[in-house]
Amino acid sequence: MRWLVGWSSTATGSSFLDDGGGWRYDVQPMGGQLLWDGPDPLWAVGDWRPDEIRLVQIAPAIRLAVFGCCGASDEQLRAGLKSARGGAVRHLTAWSGSYTVVAQVDRRTTVVGDLAGARPVFHTPWAGGTAYSTAALPLADLVEAQLDVSQLAAVLACPESPEAVGDRTPYTGVCRMPPGHALILREGAREITGYEPRASLAVSAPELDAETALRGVRDALIDSVRARLAAPRHAPLVEQRDPGPVPGMGPYERRAQRGPAPGLGADLSGGPASGTLALLAAGLPGMPGTPLGLGSGEGERLLAVTFNDLASQSTPARAAELERAHSLAESPRLHHVVVAAHEEGLPYADLDGAPLTDEPGPSLVSAARHRIRLSAGSADHLVGAGAREVLDAHPARLADLLLDRRRRHLVRPVTALARTSGSARSMLVPWTVYRAARKLARTDYRTGIQSVADLLIDDPAYTPAGPAPAVRASLAAMTWARPGAAARWLTGEALADVSIRLMSVADRVPSSARPGELRAAAALARRAADHRVLEQAAELRGQRLHVPFLDNAVVRACRALPEALRVQPGARVAVLRAVLDGAGIRELPAGFGAPSIGVQASAARTGLRVAVDDVLDLFERPLLADAGLVDARVVREALHAVAAGASVPLAGFADLVSAEMWLRRLLARRGSCWTGEKAPRQRAVAGGIQKRLSSLP
């Protein structure tokens with residue numbers, strides 16, 4: 001795991017001493033690289049590459065640090081620092097790539113987060129000032145924080161509702177900065193401010209025309225991929241030669257032992273997002289890889305990885321995806337590798353092998369599945385995560401169209417939903433969807449939040465009736481907030497605590513009076529946070545996962561797409577086709593962008609049934625029950641029902657199992673992230689329910 005950490009403190013009550021010849025710190029991160037000293041120091045910790053940390057200084061106390069992949073030149077960084085001296089920070093997020101910026105002007109330190117939340121910033125009061133980091137666990141160690149059980153309850157009860165979680169983390173006192181904001185520190189004083197322009201609460205902002213917006217998405221995505229192509233190539237410090245068959249070692253173990261291949265690679269699942277990135281990376285001028293996908297020569301081939309799940313039931317949709325992947329891989333600049341896996345590649349496999357991550361997330365249950373795929377990937381690997389959240393229209397955006405009095409734009413999306421139902425009641429679907437959108441448009445924020453608070457107490461398992469799963473999902477999403485799939489298994493006390501929290505924040509002014517914008521931003525933040533968990537759990541040593549769709553420039557360009565275009569069926573595929581067409585890539589396989597219905601759900605259901613005994617053992621004496629969050633008996637009954645073939649929400653199990661796994665890893669952890677004369681005496685969450693750990697089987 002890689003993270004940066006620093007603090008801003010007053011002259012009194014600080015944790016550092018000036019010995020006359022320089023700065024000496026009583027507390028410092030274990031293995032940290034000091035980037036600048038003084039009363040407001042900054043460290044980089046972990047396996048950062050040399051080109052991932054860029055420093056620019058124009059005066060002794062005026063400097064800028066950029067962490068990650070940034071497409072800006074040194075001259076652009078200096079110009080950005082000069083502009084930041086006056087307090088402006090939005091221009092620091094306009095460069096291509098994915099990065100975190102720390103700017104220091106005298107005693108004012110500004111830490112800029114990203115728009116999606118894939119690169120979060122955390123902060124906590126400490127030593128009379130404020131400490132900040134891009135990881136929550138080191139700050140929890142620093143202040144010896146305890147577990148925030150109410151935050152875990154909120155994440156399980158309402159995972160897509162920022163109102164329930166707020167700025168809290170699983171560690172008491174450690175807070176998360178919201179996406180699209182900057183943390184400004186002045187001699188220990190803390191201020192959080194948004195850097196995106198605020199839209200009117202009464203009317204929507206002026207929209208770009210469709211052609212201009214599509215051109216903006218195309219340019220942003222191409223620049224994002226080009227930033228990765230222009231970055232230096234890295235080769236992991238492991239032996240790349242395949243030793244051949246080894247007794248007792250399968251293909252996956254041999255690939256994992258070799259580590260990722262040098263150069264740039266990409267996923268090629270057959271879906272439109274990964275296919276677009278692979279074709280862009282292979283078609284743009286640059287240095288993706290070698291003829292065997294193992295090097296860094298100019299104009300050579302890109303390593304494209306396709307995962308083939310042999311354990312899940314084969315469906316026509318999955319077979320069509322694999323066929324499209326093979327068709328895309330016929331490009332002469334792609335070196336195609338198919339990674340096949342049986343039961344060891346299913347979700348919920350190898351639960352004991354998952355590492356400790358900064359926070360829990362549903363991706364933990366599929367970490368082994370992703371490690372198998374990534375073991376055949378490259379040192380720099382492109383993935384298409386986040387495309388659905390930034391390009392697709394959240395169902396609640398239909399209410400935004402009604403608020404703008406644009407009813408005619410609802411015709412095509414509600415008609416498409418009616419076609420998916422495939423039942424005799426399909427004629428009623430357009431009217432049902434329209435009524436739900438109209439109800440949401442007429443419901444104010446306060447009433448909407450209070451209604452979900454009441455729903456948590458009365459019926460946390462409520463789902464709207466509908467003739468098809470897609471219709472039911474759309475109807476359930478047309479609310480200001482809603483309970484999560486795991487809420488049905490939480491205790492009454494935990495649900496009551498979350499309900500009280502929602503009631504207390506219902507009177508606050510929301511960041512947007514438009515439910516579609518608010519829900520879409522929340523869904524994107526959750527997706528970005530879960531991808532961050534996946535990176536920490538599945539990324540191989542020396543490997544970097546690049547997610548261009550979560551870059552600031554791409555997110556900002558996608559938000560500029562007209563609502564009328566975004567809500568149309570097939571809008572995401574149409575946008576990606578326009579991007580490829582603008583890049584000169586026009587020959588696409590038949591069925592490019594066709595929906596793969598139920599592929600992930602089928603794999604999750606199969607994996608849960610195969611691993612049901614291991615999951616039952618996990619919930620025999622769960623720590624979540626000791627914390628008062630779940631009733632272990634009810635969860636075990638639901639697991640037995642899944643094993644018997646009953647229809648149970650799979651997303652709820654992913655949330656529960658990942659939270660339980662994460663708790664066990666956290667409490668079994670040894671050591672701390674800090675060293676020094678006044679380093680914390682105990683690590684984070686060193687008390688409380690940890691006493692139960694010694695009695696676990």
# chains A, B, ... in the order shown; residues from 1 in each chain; ligands from 1
>>> residues_around(residues="Asn308 (chain A)", least_positions_apart="5", cutoff="7 Å", atoms="only C-alpha atoms", output="PDB file with all heavy atoms, in the first residue's frame")
ATOM      1  N   VAL A 338      -5.561 -15.400 -22.580  1.00  0.00           N
ATOM      2  CA  VAL A 338      -6.798 -15.826 -21.914  1.00  0.00           C
ATOM      3  C   VAL A 338      -6.422 -16.563 -20.641  1.00  0.00           C
ATOM      4  O   VAL A 338      -5.659 -17.534 -20.670  1.00  0.00           O
ATOM      5  CB  VAL A 338      -7.644 -16.725 -22.831  1.00  0.00           C
ATOM      6  CG1 VAL A 338      -8.906 -17.175 -22.103  1.00  0.00           C
ATOM      7  CG2 VAL A 338      -8.009 -15.984 -24.112  1.00  0.00           C
ATOM      8  N   VAL A 339      -6.948 -16.084 -19.512  1.00  0.00           N
ATOM      9  CA  VAL A 339      -6.680 -16.690 -18.208  1.00  0.00           C
ATOM     10  C   VAL A 339      -7.921 -17.466 -17.793  1.00  0.00           C
ATOM     11  O   VAL A 339      -8.982 -16.875 -17.555  1.00  0.00           O
ATOM     12  CB  VAL A 339      -6.342 -15.620 -17.155  1.00  0.00           C
ATOM     13  CG1 VAL A 339      -6.055 -16.276 -15.816  1.00  0.00           C
ATOM     14  CG2 VAL A 339      -5.151 -14.791 -17.616  1.00  0.00           C
ATOM     15  N   ALA A 340      -7.803 -18.780 -17.725  1.00  0.00           N
ATOM     16  CA  ALA A 340      -8.932 -19.631 -17.344  1.00  0.00           C
ATOM     17  C   ALA A 340      -8.797 -20.034 -15.883  1.00  0.00           C
ATOM     18  O   ALA A 340      -7.696 -20.232 -15.368  1.00  0.00           O
ATOM     19  CB  ALA A 340      -8.984 -20.873 -18.235  1.00  0.00           C
ATOM     20  N   ALA A 341      -9.926 -20.134 -15.212  1.00  0.00           N
ATOM     21  CA  ALA A 341      -9.927 -20.515 -13.799  1.00  0.00           C
ATOM     22  C   ALA A 341     -11.183 -21.320 -13.506  1.00  0.00           C
ATOM     23  O   ALA A 341     -12.241 -21.106 -14.117  1.00  0.00           O
ATOM     24  CB  ALA A 341      -9.869 -19.288 -12.901  1.00  0.00           C
TER      25      ALA A 341
END
>>> residues_around(residues="region 80-86 of chain A", least_positions_apart="2", cutoff="12 Å", atoms="only C-alpha atoms", output="ChimeraX atom specification")
/A:55-59,61-66,72-78,88-95,101-112,184
>>> closest_residue(among="A:Val121, A:Ala304, A:Ala473, A:Ala506", to="Leu183 (chain A)", atoms="only C-alpha atoms")
A:Val121
>>> closest_atom_pairs(of="region 317-426 of chain A", to="region 432-451 of chain A", cutoff="10 Å", atoms="only C-alpha atoms", output="CSV")
residue,atom,partner,partner_atom,distance
A:Pro395,CA,A:Ala437,CA,8.4
A:Ala396,CA,A:Ala437,CA,7.0
A:Arg397,CA,A:Ala437,CA,8.4
A:Leu398,CA,A:Ala437,CA,5.9
A:Ala399,CA,A:Ala437,CA,4.7
A:Asp400,CA,A:Ala441,CA,6.9
A:Leu401,CA,A:Ala441,CA,8.8
A:Leu402,CA,A:Ala441,CA,6.6
A:Leu403,CA,A:Ala441,CA,6.2
A:Asp404,CA,A:Ala441,CA,9.9
A:Arg407,CA,A:Tyr434,CA,9.3
A:Leu410,CA,A:Tyr434,CA,8.0
A:Val411,CA,A:Tyr434,CA,9.3
A:Pro413,CA,A:Val433,CA,9.5
A:Val414,CA,A:Val433,CA,6.6
A:Thr415,CA,A:Val433,CA,9.7
A:Leu417,CA,A:Val433,CA,8.6
A:Ala418,CA,A:Val433,CA,9.3
A:Ser426,CA,A:Thr432,CA,9.9
>>> write_last_selection(atoms="N, CA, C and O atoms", output="PDB file, in the first residue's frame")
ATOM      1  N   PRO A 395     -31.102   6.019 -12.709  1.00  0.00           N
ATOM      2  CA  PRO A 395     -32.558   6.112 -12.894  1.00  0.00           C
ATOM      3  C   PRO A 395     -33.182   7.361 -12.291  1.00  0.00           C
ATOM      4  O   PRO A 395     -34.187   7.875 -12.807  1.00  0.00           O
ATOM      5  N   ALA A 396     -32.588   7.871 -11.209  1.00  0.00           N
ATOM      6  CA  ALA A 396     -33.150   9.070 -10.589  1.00  0.00           C
ATOM      7  C   ALA A 396     -33.011  10.299 -11.474  1.00  0.00           C
ATOM      8  O   ALA A 396     -33.673  11.324 -11.225  1.00  0.00           O
ATOM      9  N   ARG A 397     -32.193  10.234 -12.521  1.00  0.00           N
ATOM     10  CA  ARG A 397     -32.071  11.378 -13.425  1.00  0.00           C
ATOM     11  C   ARG A 397     -33.347  11.599 -14.244  1.00  0.00           C
ATOM     12  O   ARG A 397     -33.524  12.664 -14.829  1.00  0.00           O
ATOM     13  N   LEU A 398     -34.219  10.607 -14.307  1.00  0.00           N
ATOM     14  CA  LEU A 398     -35.510  10.825 -14.950  1.00  0.00           C
ATOM     15  C   LEU A 398     -36.306  11.892 -14.206  1.00  0.00           C
ATOM     16  O   LEU A 398     -37.039  12.676 -14.824  1.00  0.00           O
ATOM     17  N   ALA A 399     -36.143  11.938 -12.892  1.00  0.00           N
ATOM     18  CA  ALA A 399     -36.802  12.992 -12.120  1.00  0.00           C
ATOM     19  C   ALA A 399     -36.201  14.353 -12.434  1.00  0.00           C
ATOM     20  O   ALA A 399     -36.916  15.367 -12.436  1.00  0.00           O
ATOM     21  N   ASP A 400     -34.904  14.401 -12.699  1.00  0.00           N
ATOM     22  CA  ASP A 400     -34.280  15.676 -13.085  1.00  0.00           C
ATOM     23  C   ASP A 400     -34.880  16.207 -14.378  1.00  0.00           C
ATOM     24  O   ASP A 400     -35.082  17.418 -14.536  1.00  0.00           O
ATOM     25  N   LEU A 401     -35.149  15.304 -15.325  1.00  0.00           N
ATOM     26  CA  LEU A 401     -35.774  15.742 -16.578  1.00  0.00           C
ATOM     27  C   LEU A 401     -37.163  16.312 -16.338  1.00  0.00           C
ATOM     28  O   LEU A 401     -37.567  17.299 -16.976  1.00  0.00           O
ATOM     29  N   LEU A 402     -37.896  15.718 -15.425  1.00  0.00           N
ATOM     30  CA  LEU A 402     -39.219  16.254 -15.104  1.00  0.00           C
ATOM     31  C   LEU A 402     -39.105  17.615 -14.433  1.00  0.00           C
ATOM     32  O   LEU A 402     -39.937  18.503 -14.670  1.00  0.00           O
ATOM     33  N   LEU A 403     -38.085  17.789 -13.592  1.00  0.00           N
ATOM     34  CA  LEU A 403     -37.880  19.102 -12.973  1.00  0.00           C
ATOM     35  C   LEU A 403     -37.582  20.160 -14.035  1.00  0.00           C
ATOM     36  O   LEU A 403     -37.933  21.335 -13.857  1.00  0.00           O
ATOM     37  N   ASP A 404     -36.930  19.759 -15.125  1.00  0.00           N
ATOM     38  CA  ASP A 404     -36.623  20.687 -16.221  1.00  0.00           C
ATOM     39  C   ASP A 404     -37.751  20.763 -17.245  1.00  0.00           C
ATOM     40  O   ASP A 404     -37.578  21.407 -18.288  1.00  0.00           O
ATOM     41  N   ARG A 407     -40.401  16.278 -20.553  1.00  0.00           N
ATOM     42  CA  ARG A 407     -41.059  14.976 -20.450  1.00  0.00           C
ATOM     43  C   ARG A 407     -40.823  14.100 -21.682  1.00  0.00           C
ATOM     44  O   ARG A 407     -40.769  12.874 -21.562  1.00  0.00           O
ATOM     45  N   LEU A 410     -38.295  11.263 -21.759  1.00  0.00           N
ATOM     46  CA  LEU A 410     -38.503  10.053 -20.977  1.00  0.00           C
ATOM     47  C   LEU A 410     -39.057   8.914 -21.820  1.00  0.00           C
ATOM     48  O   LEU A 410     -39.084   7.767 -21.356  1.00  0.00           O
ATOM     49  N   VAL A 411     -39.506   9.201 -23.026  1.00  0.00           N
ATOM     50  CA  VAL A 411     -40.219   8.195 -23.806  1.00  0.00           C
ATOM     51  C   VAL A 411     -39.335   6.988 -24.097  1.00  0.00           C
ATOM     52  O   VAL A 411     -39.719   5.831 -23.848  1.00  0.00           O
ATOM     53  N   PRO A 413     -36.314   5.878 -22.717  1.00  0.00           N
ATOM     54  CA  PRO A 413     -35.864   5.022 -21.608  1.00  0.00           C
ATOM     55  C   PRO A 413     -36.976   4.188 -20.990  1.00  0.00           C
ATOM     56  O   PRO A 413     -36.753   3.013 -20.675  1.00  0.00           O
ATOM     57  N   VAL A 414     -38.169   4.739 -20.809  1.00  0.00           N
ATOM     58  CA  VAL A 414     -39.234   3.938 -20.197  1.00  0.00           C
ATOM     59  C   VAL A 414     -39.726   2.874 -21.170  1.00  0.00           C
ATOM     60  O   VAL A 414     -40.131   1.776 -20.754  1.00  0.00           O
ATOM     61  N   THR A 415     -39.674   3.138 -22.466  1.00  0.00           N
ATOM     62  CA  THR A 415     -40.043   2.123 -23.448  1.00  0.00           C
ATOM     63  C   THR A 415     -39.041   0.978 -23.442  1.00  0.00           C
ATOM     64  O   THR A 415     -39.416  -0.202 -23.561  1.00  0.00           O
ATOM     65  N   LEU A 417     -37.302  -0.021 -20.858  1.00  0.00           N
ATOM     66  CA  LEU A 417     -37.583  -0.819 -19.667  1.00  0.00           C
ATOM     67  C   LEU A 417     -38.776  -1.736 -19.886  1.00  0.00           C
ATOM     68  O   LEU A 417     -38.804  -2.874 -19.409  1.00  0.00           O
ATOM     69  N   ALA A 418     -39.780  -1.244 -20.585  1.00  0.00           N
ATOM     70  CA  ALA A 418     -40.952  -2.072 -20.873  1.00  0.00           C
ATOM     71  C   ALA A 418     -40.569  -3.289 -21.709  1.00  0.00           C
ATOM     72  O   ALA A 418     -41.090  -4.391 -21.509  1.00  0.00           O
ATOM     73  N   SER A 426     -46.199  -5.578 -19.506  1.00  0.00           N
ATOM     74  CA  SER A 426     -45.205  -4.628 -19.998  1.00  0.00           C
ATOM     75  C   SER A 426     -45.831  -3.315 -20.440  1.00  0.00           C
ATOM     76  O   SER A 426     -45.166  -2.281 -20.448  1.00  0.00           O
TER      77      SER A 426
END
>>> residues_around(residues="Arg228 (chain A)", least_positions_apart="3", cutoff="12 Å", atoms="only C-alpha atoms", output="number ranges by chain")
A: 51-52, 68-72, 96-98, 221-225, 231-234, 263-266, 277, 280-282, 284-288, 379-382, 544-548, 551
>>> write_last_selection(atoms="C-alpha atoms", output="short mmCIF file (atom, residue, chain, number, x, y, z; two decimals), in the first residue's frame")
data_model
loop_
_atom_site.label_atom_id
_atom_site.label_comp_id
_atom_site.auth_asym_id
_atom_site.auth_seq_id
_atom_site.Cartn_x
_atom_site.Cartn_y
_atom_site.Cartn_z
CA ASP A 51 8.24 9.07 -11.46
CA GLU A 52 5.12 8.89 -9.25
CA GLY A 68 0.48 9.38 -8.97
CA CYS A 69 0.24 9.50 -12.75
CA CYS A 70 -0.03 13.09 -13.95
CA GLY A 71 0.17 14.18 -17.58
CA ALA A 72 1.27 17.75 -16.80
CA SER A 96 -4.85 14.29 -17.32
CA GLY A 97 -4.14 11.26 -15.16
CA SER A 98 -4.97 10.20 -11.61
CA LEU A 221 -10.23 9.85 -22.46
CA ILE A 222 -7.55 9.90 -25.16
CA ASP A 223 -5.39 12.25 -23.07
CA SER A 224 -5.88 9.99 -20.07
CA VAL A 225 -4.67 6.92 -21.94
CA ALA A 231 4.97 7.43 -18.48
CA PRO A 232 8.24 5.53 -17.98
CA ARG A 233 8.05 1.75 -18.24
CA HIS A 234 8.76 -0.38 -15.19
CA GLY A 263 5.16 -2.65 -19.99
CA LEU A 264 1.55 -1.60 -20.40
CA GLY A 265 -1.41 -3.96 -20.61
CA ALA A 266 -5.18 -3.84 -20.40
CA LEU A 277 -9.28 1.36 -23.43
CA LEU A 280 -7.03 3.24 -27.62
CA ALA A 281 -3.83 2.12 -25.89
CA ALA A 282 -2.92 -0.14 -28.82
CA LEU A 284 -2.25 5.58 -30.07
CA PRO A 285 1.42 6.31 -30.73
CA GLY A 286 3.46 5.12 -27.77
CA MET A 287 5.22 2.16 -26.22
CA PRO A 288 2.67 -0.36 -24.92
CA ALA A 379 3.17 -3.77 -14.53
CA ASP A 380 0.85 -0.96 -15.69
CA HIS A 381 -2.60 -2.37 -16.32
CA LEU A 382 -5.64 -0.52 -17.68
CA ARG A 544 -0.29 -0.44 -10.94
CA LEU A 545 -3.96 -0.51 -11.91
CA HIS A 546 -4.98 2.48 -14.02
CA VAL A 547 -8.65 3.48 -14.19
CA PRO A 548 -8.98 6.26 -16.79
CA ASP A 551 -9.70 10.46 -13.72
#
>>> residues_around(residues="Asp309 (chain A)", least_positions_apart="4", cutoff="12 Å", atoms="only C-alpha atoms", output="short mmCIF file (atom, residue, chain, number, x, y, z; two decimals) with N, CA, C and O atoms, in the first residue's frame")
data_model
loop_
_atom_site.label_atom_id
_atom_site.label_comp_id
_atom_site.auth_asym_id
_atom_site.auth_seq_id
_atom_site.Cartn_x
_atom_site.Cartn_y
_atom_site.Cartn_z
N SER A 269 -12.26 -7.81 -21.50
CA SER A 269 -13.33 -8.71 -21.08
C SER A 269 -14.35 -8.96 -22.17
O SER A 269 -15.16 -9.88 -22.07
N GLN A 313 -21.90 -21.20 -14.56
CA GLN A 313 -22.72 -21.73 -15.64
C GLN A 313 -22.59 -20.85 -16.87
O GLN A 313 -22.76 -19.63 -16.80
N SER A 314 -22.27 -21.46 -17.99
CA SER A 314 -22.10 -20.70 -19.22
C SER A 314 -23.45 -20.17 -19.71
O SER A 314 -24.44 -20.89 -19.72
N THR A 315 -23.45 -18.91 -20.08
CA THR A 315 -24.67 -18.28 -20.59
C THR A 315 -24.39 -17.72 -21.98
O THR A 315 -23.23 -17.45 -22.33
N ARG A 318 -22.36 -14.47 -21.77
CA ARG A 318 -20.93 -14.60 -21.49
C ARG A 318 -20.19 -15.17 -22.70
O ARG A 318 -19.07 -14.74 -23.02
N ALA A 319 -20.80 -16.12 -23.39
CA ALA A 319 -20.16 -16.66 -24.59
C ALA A 319 -19.99 -15.58 -25.65
O ALA A 319 -18.95 -15.52 -26.34
N GLU A 321 -19.61 -12.38 -25.03
CA GLU A 321 -18.54 -11.49 -24.55
C GLU A 321 -17.18 -12.05 -24.93
O GLU A 321 -16.30 -11.32 -25.40
N LEU A 322 -16.97 -13.35 -24.69
CA LEU A 322 -15.68 -13.96 -25.02
C LEU A 322 -15.43 -13.91 -26.53
O LEU A 322 -14.29 -13.68 -26.96
N VAL A 338 -5.56 -15.40 -22.58
CA VAL A 338 -6.80 -15.83 -21.91
C VAL A 338 -6.42 -16.56 -20.64
O VAL A 338 -5.66 -17.53 -20.67
N VAL A 339 -6.95 -16.08 -19.51
CA VAL A 339 -6.68 -16.69 -18.21
C VAL A 339 -7.92 -17.47 -17.79
O VAL A 339 -8.98 -16.88 -17.56
N ALA A 340 -7.80 -18.78 -17.73
CA ALA A 340 -8.93 -19.63 -17.34
C ALA A 340 -8.80 -20.03 -15.88
O ALA A 340 -7.70 -20.23 -15.37
N ALA A 341 -9.93 -20.13 -15.21
CA ALA A 341 -9.93 -20.52 -13.80
C ALA A 341 -11.18 -21.32 -13.51
O ALA A 341 -12.24 -21.11 -14.12
N HIS A 342 -11.05 -22.24 -12.57
CA HIS A 342 -12.18 -23.06 -12.14
C HIS A 342 -12.71 -22.49 -10.82
O HIS A 342 -12.89 -21.30 -10.69
N GLU A 343 -12.94 -23.33 -9.85
CA GLU A 343 -13.54 -22.87 -8.59
C GLU A 343 -12.63 -21.93 -7.82
O GLU A 343 -13.10 -21.12 -7.02
N GLU A 344 -11.31 -22.03 -8.07
CA GLU A 344 -10.39 -21.12 -7.36
C GLU A 344 -10.55 -19.68 -7.83
O GLU A 344 -10.06 -18.75 -7.16
N GLY A 345 -11.25 -19.47 -8.96
CA GLY A 345 -11.45 -18.12 -9.47
C GLY A 345 -12.85 -17.58 -9.24
O GLY A 345 -13.20 -16.54 -9.80
N LEU A 346 -13.63 -18.24 -8.42
CA LEU A 346 -14.99 -17.78 -8.12
C LEU A 346 -14.97 -16.75 -6.99
O LEU A 346 -14.04 -16.73 -6.17
N PRO A 347 -15.95 -15.87 -6.93
CA PRO A 347 -16.09 -15.02 -5.73
C PRO A 347 -16.23 -15.89 -4.48
O PRO A 347 -16.74 -17.01 -4.53
N ARG A 369 -10.23 -13.87 -7.16
CA ARG A 369 -10.62 -13.91 -8.58
C ARG A 369 -9.84 -12.87 -9.38
O ARG A 369 -9.32 -13.17 -10.47
N HIS A 370 -9.73 -11.67 -8.85
CA HIS A 370 -9.02 -10.61 -9.56
C HIS A 370 -7.51 -10.84 -9.56
O HIS A 370 -6.83 -10.46 -10.51
N ILE A 372 -5.99 -13.66 -9.81
CA ILE A 372 -5.69 -14.62 -10.88
C ILE A 372 -5.62 -13.89 -12.22
O ILE A 372 -4.72 -14.13 -13.04
N ARG A 373 -6.56 -13.00 -12.46
CA ARG A 373 -6.57 -12.24 -13.72
C ARG A 373 -5.37 -11.31 -13.81
O ARG A 373 -4.70 -11.24 -14.84
N VAL A 599 -24.19 -11.89 -15.80
CA VAL A 599 -22.91 -12.61 -15.78
C VAL A 599 -22.27 -12.55 -14.40
O VAL A 599 -21.89 -13.57 -13.82
N GLN A 600 -22.14 -11.34 -13.84
CA GLN A 600 -21.52 -11.20 -12.53
C GLN A 600 -22.37 -11.83 -11.44
O GLN A 600 -21.87 -12.45 -10.50
N SER A 602 -24.39 -14.36 -11.72
CA SER A 602 -24.28 -15.81 -11.81
C SER A 602 -22.99 -16.31 -11.16
O SER A 602 -22.99 -17.31 -10.44
N ALA A 603 -21.89 -15.60 -11.40
CA ALA A 603 -20.62 -16.00 -10.79
C ALA A 603 -20.68 -15.86 -9.27
O ALA A 603 -20.19 -16.73 -8.53
N ALA A 604 -21.29 -14.77 -8.78
CA ALA A 604 -21.39 -14.57 -7.33
C ALA A 604 -22.25 -15.64 -6.68
O ALA A 604 -21.91 -16.16 -5.60
N THR A 606 -22.83 -18.72 -7.82
CA THR A 606 -22.10 -19.98 -7.86
C THR A 606 -21.00 -20.01 -6.81
O THR A 606 -20.81 -21.01 -6.10
N GLY A 607 -20.26 -18.90 -6.70
CA GLY A 607 -19.18 -18.86 -5.72
C GLY A 607 -19.68 -18.98 -4.29
O GLY A 607 -19.06 -19.65 -3.46
#
>>> select_by_dssp(residues="region 475-653 of chain A", states="helix (DSSP H, G or I)", output="number ranges by chain")
A: 475-477, 485-489, 492-505, 515-538, 548-550, 552-559, 563-566, 571-582, 599-610, 612-618, 623-626, 632-643, 650-653
>>> residues_around(residues="Arg566 (chain A)", least_positions_apart="4", cutoff="9 Å", atoms="only C-alpha atoms", output="list in words")
Leu391, Asp392, Ala393, Leu561, Pro562, Gly570, Ala571 and Arg572 of chain A
>>> write_last_selection(atoms="all heavy atoms", output="compact mmCIF listing (two decimals), in the first residue's frame")
# COMPACT_ATOMS: atom_id res chain seq x y z
N LEU A 391 -20.83 7.33 -17.23
CA LEU A 391 -21.48 7.51 -18.52
C LEU A 391 -22.97 7.21 -18.50
O LEU A 391 -23.76 7.86 -19.18
CB LEU A 391 -20.81 6.63 -19.58
CG LEU A 391 -19.40 7.06 -20.02
CD1 LEU A 391 -18.79 6.02 -20.95
CD2 LEU A 391 -19.44 8.42 -20.70
N ASP A 392 -23.38 6.20 -17.74
CA ASP A 392 -24.80 5.84 -17.72
C ASP A 392 -25.59 6.83 -16.88
O ASP A 392 -25.06 7.46 -15.96
CB ASP A 392 -24.98 4.44 -17.14
CG ASP A 392 -24.68 3.37 -18.18
OD1 ASP A 392 -24.25 3.74 -19.28
OD2 ASP A 392 -24.87 2.19 -17.89
N ALA A 393 -26.85 6.94 -17.17
CA ALA A 393 -27.74 7.80 -16.39
C ALA A 393 -28.31 7.00 -15.23
O ALA A 393 -28.85 5.91 -15.41
CB ALA A 393 -28.88 8.33 -17.27
N LEU A 561 -22.07 15.89 -20.32
CA LEU A 561 -22.97 15.31 -21.31
C LEU A 561 -24.41 15.76 -21.05
O LEU A 561 -24.86 15.79 -19.90
CB LEU A 561 -22.90 13.78 -21.27
CG LEU A 561 -21.60 13.14 -21.79
CD1 LEU A 561 -21.59 11.66 -21.47
CD2 LEU A 561 -21.46 13.36 -23.29
N PRO A 562 -25.16 16.09 -22.08
CA PRO A 562 -26.55 16.51 -21.87
C PRO A 562 -27.39 15.38 -21.25
O PRO A 562 -27.19 14.20 -21.58
CB PRO A 562 -27.04 16.84 -23.29
CG PRO A 562 -25.80 17.06 -24.09
CD PRO A 562 -24.75 16.18 -23.48
N GLY A 570 -28.60 2.69 -24.49
CA GLY A 570 -27.38 2.53 -25.25
C GLY A 570 -26.50 3.76 -25.32
O GLY A 570 -25.61 3.83 -26.18
N ALA A 571 -26.73 4.73 -24.42
CA ALA A 571 -25.95 5.97 -24.48
C ALA A 571 -24.47 5.72 -24.22
O ALA A 571 -23.61 6.31 -24.86
CB ALA A 571 -26.51 6.98 -23.48
N ARG A 572 -24.16 4.84 -23.27
CA ARG A 572 -22.75 4.58 -22.94
C ARG A 572 -22.01 4.02 -24.15
O ARG A 572 -20.90 4.45 -24.47
CB ARG A 572 -22.66 3.63 -21.76
CG ARG A 572 -21.26 3.13 -21.45
CD ARG A 572 -21.19 2.54 -20.06
NE ARG A 572 -22.31 1.67 -19.80
CZ ARG A 572 -22.24 0.32 -19.73
NH1 ARG A 572 -21.09 -0.28 -19.93
NH2 ARG A 572 -23.30 -0.40 -19.45
>>> closest_residue(among="A:Val452, A:Leu502, A:Leu608, A:Ala560", to="Ala220 (chain A)", atoms="only C-alpha atoms")
A:Ala560
>>> select_by_dssp(residues="region 461-694 of chain A", states="strand (DSSP E or B)", output="list in words")
Leu490, Arg544, Leu545, His546, Val630, Trp674 and Thr675 of chain A
>>> closest_residue(among="A:Pro316, A:Gly270, A:His409, A:Glu587", to="Ser331 (chain A)", atoms="only C-alpha atoms")
A:Glu587
